[in-house]
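J.: Handing you this structure, nothing more for now.
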Amino acid sequence: MTLAPETTDLKVQLRLADDEWFTVCDLTVLLPGRGVAALLPDGRQVALFRDRKGNLYAIDNRDPFTGAAVLSRGLTGSHQGRPFVASPLLKQRFDLESGQCLDDETVRVTAYEVRAA
């Protein structure tokens with residue numbers, strides 16, 4: 001089956017400060033179920049995800065257990081209706097909406113408000 005390429009002018013934006021939105025990429029860059037890493041103005045990395053329903057998520061790309069910037073390469077799924085990404089290294093799962101680690105309640109990564117505009 002061949003899918004027609006998506007055509008849209010929408011950009012993916014993250015809220016970095018109170019009302020400051022940062023344009024990260026074109027929406028077409030985000031394939032459902034796959035992550036993309038992007039560099040923020042302050043040098044940090046963010047992992048962006050788009051699910052099959054079109055919902056957008058953004059969390060820190062750095063895995064707090066290893067220090068490696070790899071969360072954008074993790075496997076996505078859901079647990080009790082909550083979307084998550086599992087780190088490709090040690091497999092800890094992070095809630096894509098809150099950044100909370102589902103396997104260790106003392107650990108969390110930053111979750112960003114994200115929109116297509």
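Residues in the structure tokens are numbered from 1 in each chain, the chains being A, B, ... in the order shown, and ligands are numbered from 1 in the order shown.
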For segment 74-84 of chain A, find every residue with an atom within 7 Å (counting only C-alpha atoms), except residues of its own chain fewer than 6 positions away, and show them as an mmCIF file with all heavy atoms, in the first residue's frame.

T.:
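New file around_30.cif:
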```
data_model
loop_
_atom_site.group_PDB
_atom_site.id
_atom_site.type_symbol
_atom_site.label_atom_id
_atom_site.label_comp_id
_atom_site.auth_asym_id
_atom_site.auth_seq_id
_atom_site.Cartn_x
_atom_site.Cartn_y
_atom_site.Cartn_z
ATOM 1 N N GLY A 33 4.240 7.262 15.495
ATOM 2 C CA GLY A 33 4.920 6.160 16.157
ATOM 3 C C GLY A 33 6.434 6.254 16.169
ATOM 4 O O GLY A 33 7.095 5.389 16.726
ATOM 5 N N ARG A 93 10.271 3.253 30.929
ATOM 6 C CA ARG A 93 9.201 3.912 30.186
ATOM 7 C C ARG A 93 8.909 5.285 30.780
ATOM 8 O O ARG A 93 8.835 5.430 31.997
ATOM 9 C CB ARG A 93 7.942 3.049 30.229
ATOM 10 C CG ARG A 93 8.142 1.677 29.597
ATOM 11 C CD ARG A 93 7.003 0.740 29.915
ATOM 12 N NE ARG A 93 6.906 0.584 31.373
ATOM 13 C CZ ARG A 93 5.803 0.228 32.018
ATOM 14 N NH1 ARG A 93 4.698 -0.028 31.360
ATOM 15 N NH2 ARG A 93 5.821 0.102 33.327
ATOM 16 N N PHE A 94 8.722 6.268 29.890
ATOM 17 C CA PHE A 94 8.429 7.637 30.303
ATOM 18 C C PHE A 94 7.102 8.073 29.705
ATOM 19 O O PHE A 94 6.891 7.966 28.494
ATOM 20 C CB PHE A 94 9.542 8.590 29.856
ATOM 21 C CG PHE A 94 10.853 8.295 30.520
ATOM 22 C CD1 PHE A 94 11.756 7.420 29.933
ATOM 23 C CD2 PHE A 94 11.166 8.858 31.740
ATOM 24 C CE1 PHE A 94 12.957 7.117 30.547
ATOM 25 C CE2 PHE A 94 12.361 8.562 32.358
ATOM 26 C CZ PHE A 94 13.262 7.687 31.767
ATOM 27 N N ASP A 95 6.204 8.553 30.573
ATOM 28 C CA ASP A 95 4.909 9.061 30.149
ATOM 29 C C ASP A 95 5.136 10.263 29.239
ATOM 30 O O ASP A 95 5.827 11.211 29.628
ATOM 31 C CB ASP A 95 4.098 9.454 31.389
ATOM 32 C CG ASP A 95 2.685 9.873 31.073
ATOM 33 O OD1 ASP A 95 2.490 10.793 30.244
ATOM 34 O OD2 ASP A 95 1.763 9.312 31.668
ATOM 35 N N LEU A 96 4.577 10.244 28.041
ATOM 36 C CA LEU A 96 4.796 11.328 27.090
ATOM 37 C C LEU A 96 4.035 12.599 27.443
ATOM 38 O O LEU A 96 4.367 13.670 26.941
ATOM 39 C CB LEU A 96 4.427 10.874 25.677
ATOM 40 C CG LEU A 96 5.391 9.874 25.049
ATOM 41 C CD1 LEU A 96 4.846 9.367 23.719
ATOM 42 C CD2 LEU A 96 6.768 10.489 24.875
#
```

J.: Please report as JSON lines every residue of segment 74-114 of chain A lying within 7 Å of segment 53-59 of chain A, along with the nearest atom pair and their distance in Å (one decimal), using only C-alpha atoms.

T.:
```
{"residue": "A:Leu96", "atom": "CA", "partner": "A:Tyr57", "partner_atom": "CA", "distance": 5.9}
{"residue": "A:Glu97", "atom": "CA", "partner": "A:Tyr57", "partner_atom": "CA", "distance": 6.6}
{"residue": "A:Gly99", "atom": "CA", "partner": "A:Ile59", "partner_atom": "CA", "distance": 6.3}
{"residue": "A:Val109", "atom": "CA", "partner": "A:Ile59", "partner_atom": "CA", "distance": 6.6}
{"residue": "A:Thr110", "atom": "CA", "partner": "A:Ile59", "partner_atom": "CA", "distance": 5.5}
{"residue": "A:Ala111", "atom": "CA", "partner": "A:Ile59", "partner_atom": "CA", "distance": 4.3}
{"residue": "A:Tyr112", "atom": "CA", "partner": "A:Ala58", "partner_atom": "CA", "distance": 5.3}
{"residue": "A:Val114", "atom": "CA", "partner": "A:Tyr57", "partner_atom": "CA", "distance": 6.3}
```

J.: Store the residues picked out above, limited to all heavy atoms, as a PDB file, in the first residue's frame.

T.:
```pdb
ATOM      1  N   LEU A  96       4.577  10.244  28.041  1.00  0.00           N
ATOM      2  CA  LEU A  96       4.796  11.328  27.090  1.00  0.00           C
ATOM      3  C   LEU A  96       4.035  12.599  27.443  1.00  0.00           C
ATOM      4  O   LEU A  96       4.367  13.670  26.941  1.00  0.00           O
ATOM      5  CB  LEU A  96       4.427  10.874  25.677  1.00  0.00           C
ATOM      6  CG  LEU A  96       5.391   9.874  25.049  1.00  0.00           C
ATOM      7  CD1 LEU A  96       4.846   9.367  23.719  1.00  0.00           C
ATOM      8  CD2 LEU A  96       6.768  10.489  24.875  1.00  0.00           C
ATOM      9  N   GLU A  97       3.030  12.512  28.295  1.00  0.00           N
ATOM     10  CA  GLU A  97       2.279  13.715  28.681  1.00  0.00           C
ATOM     11  C   GLU A  97       2.900  14.414  29.882  1.00  0.00           C
ATOM     12  O   GLU A  97       2.921  15.631  29.943  1.00  0.00           O
ATOM     13  CB  GLU A  97       0.826  13.353  28.960  1.00  0.00           C
ATOM     14  CG  GLU A  97       0.093  12.925  27.701  1.00  0.00           C
ATOM     15  CD  GLU A  97      -1.342  12.511  27.957  1.00  0.00           C
ATOM     16  OE1 GLU A  97      -1.703  12.230  29.120  1.00  0.00           O
ATOM     17  OE2 GLU A  97      -2.099  12.455  26.975  1.00  0.00           O
ATOM     18  N   GLY A  99       6.073  13.217  31.521  1.00  0.00           N
ATOM     19  CA  GLY A  99       7.506  12.987  31.689  1.00  0.00           C
ATOM     20  C   GLY A  99       7.844  12.040  32.824  1.00  0.00           C
ATOM     21  O   GLY A  99       9.000  11.690  33.025  1.00  0.00           O
ATOM     22  N   VAL A 109      11.372  13.255  33.459  1.00  0.00           N
ATOM     23  CA  VAL A 109      12.029  14.168  32.520  1.00  0.00           C
ATOM     24  C   VAL A 109      11.050  15.310  32.259  1.00  0.00           C
ATOM     25  O   VAL A 109       9.843  15.192  32.528  1.00  0.00           O
ATOM     26  CB  VAL A 109      12.402  13.461  31.194  1.00  0.00           C
ATOM     27  CG1 VAL A 109      13.456  12.389  31.431  1.00  0.00           C
ATOM     28  CG2 VAL A 109      11.184  12.882  30.490  1.00  0.00           C
ATOM     29  N   THR A 110      11.561  16.401  31.753  1.00  0.00           N
ATOM     30  CA  THR A 110      10.703  17.554  31.453  1.00  0.00           C
ATOM     31  C   THR A 110       9.781  17.221  30.290  1.00  0.00           C
ATOM     32  O   THR A 110      10.210  16.662  29.278  1.00  0.00           O
ATOM     33  CB  THR A 110      11.542  18.777  31.104  1.00  0.00           C
ATOM     34  OG1 THR A 110      12.403  19.082  32.208  1.00  0.00           O
ATOM     35  CG2 THR A 110      10.676  19.989  30.786  1.00  0.00           C
ATOM     36  N   ALA A 111       8.518  17.547  30.442  1.00  0.00           N
ATOM     37  CA  ALA A 111       7.540  17.434  29.359  1.00  0.00           C
ATOM     38  C   ALA A 111       7.190  18.854  28.913  1.00  0.00           C
ATOM     39  O   ALA A 111       7.038  19.752  29.749  1.00  0.00           O
ATOM     40  CB  ALA A 111       6.296  16.693  29.816  1.00  0.00           C
ATOM     41  N   TYR A 112       7.082  19.060  27.631  1.00  0.00           N
ATOM     42  CA  TYR A 112       6.807  20.379  27.063  1.00  0.00           C
ATOM     43  C   TYR A 112       5.411  20.434  26.490  1.00  0.00           C
ATOM     44  O   TYR A 112       4.920  19.439  25.942  1.00  0.00           O
ATOM     45  CB  TYR A 112       7.804  20.690  25.947  1.00  0.00           C
ATOM     46  CG  TYR A 112       9.228  20.761  26.401  1.00  0.00           C
ATOM     47  CD1 TYR A 112      10.009  19.609  26.436  1.00  0.00           C
ATOM     48  CD2 TYR A 112       9.805  21.947  26.807  1.00  0.00           C
ATOM     49  CE1 TYR A 112      11.333  19.656  26.857  1.00  0.00           C
ATOM     50  CE2 TYR A 112      11.115  22.004  27.221  1.00  0.00           C
ATOM     51  CZ  TYR A 112      11.877  20.851  27.251  1.00  0.00           C
ATOM     52  OH  TYR A 112      13.175  20.896  27.671  1.00  0.00           O
ATOM     53  N   VAL A 114       3.186  21.303  23.541  1.00  0.00           N
ATOM     54  CA  VAL A 114       3.502  21.287  22.118  1.00  0.00           C
ATOM     55  C   VAL A 114       2.227  21.507  21.316  1.00  0.00           C
ATOM     56  O   VAL A 114       1.143  21.120  21.731  1.00  0.00           O
ATOM     57  CB  VAL A 114       4.213  19.954  21.740  1.00  0.00           C
ATOM     58  CG1 VAL A 114       3.352  18.763  22.010  1.00  0.00           C
ATOM     59  CG2 VAL A 114       4.690  19.950  20.311  1.00  0.00           C
TER      60      VAL A 114
END
```

J.: To one decimal place, how far is atom CA of Leu14 of chain A from atom CA of Asp51 of chain A in Å?

T.: 16.6 Å

J.: List as a PyMOL selection string the protein and nucleic acid residues near Leu40 of chain A, meaning an atom at most 12 Å away when only C-alpha atoms are counted, but skip any in the same chain fewer than 2 places from it.

T.: chain A and resi 13-16+21-25+37-38+42-48+58-61+112

J.: With distances taken over only C-alpha atoms, which residue among A:Arg108, A:Leu89, A:Asp103, A:Ser98 lies nearest Pro64 of chain A?

T.: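 Closest to Pro64 of chain A, using only C-alpha atoms: A:Arg108.
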
J.: Calculate how many Å separate atom CA of Ser72 of chain A from atom CA of Pro88 of chain A, rounding to one decimal.

T.: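 Atom CA of Ser72 of chain A sits 8.9 Å away from atom CA of Pro88 of chain A.
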
J.: Tell me, which residues of segment 50-112 of chain A carry DSSP strand (DSSP E or B), written as number ranges by chain?

T.: A: 50, 56-60, 62, 69, 75-79, 82-86, 93-95, 100-101, 108, 111-112

J.: When you count only C-alpha atoms, which of these residues is closest to Glu105 of chain A: A:Lys11, A:Thr28, A:Asp19, A:Gln92?

T.: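 Nearest candidate to Glu105 of chain A out of A:Lys11, A:Thr28, A:Asp19, A:Gln92: A:Gln92.
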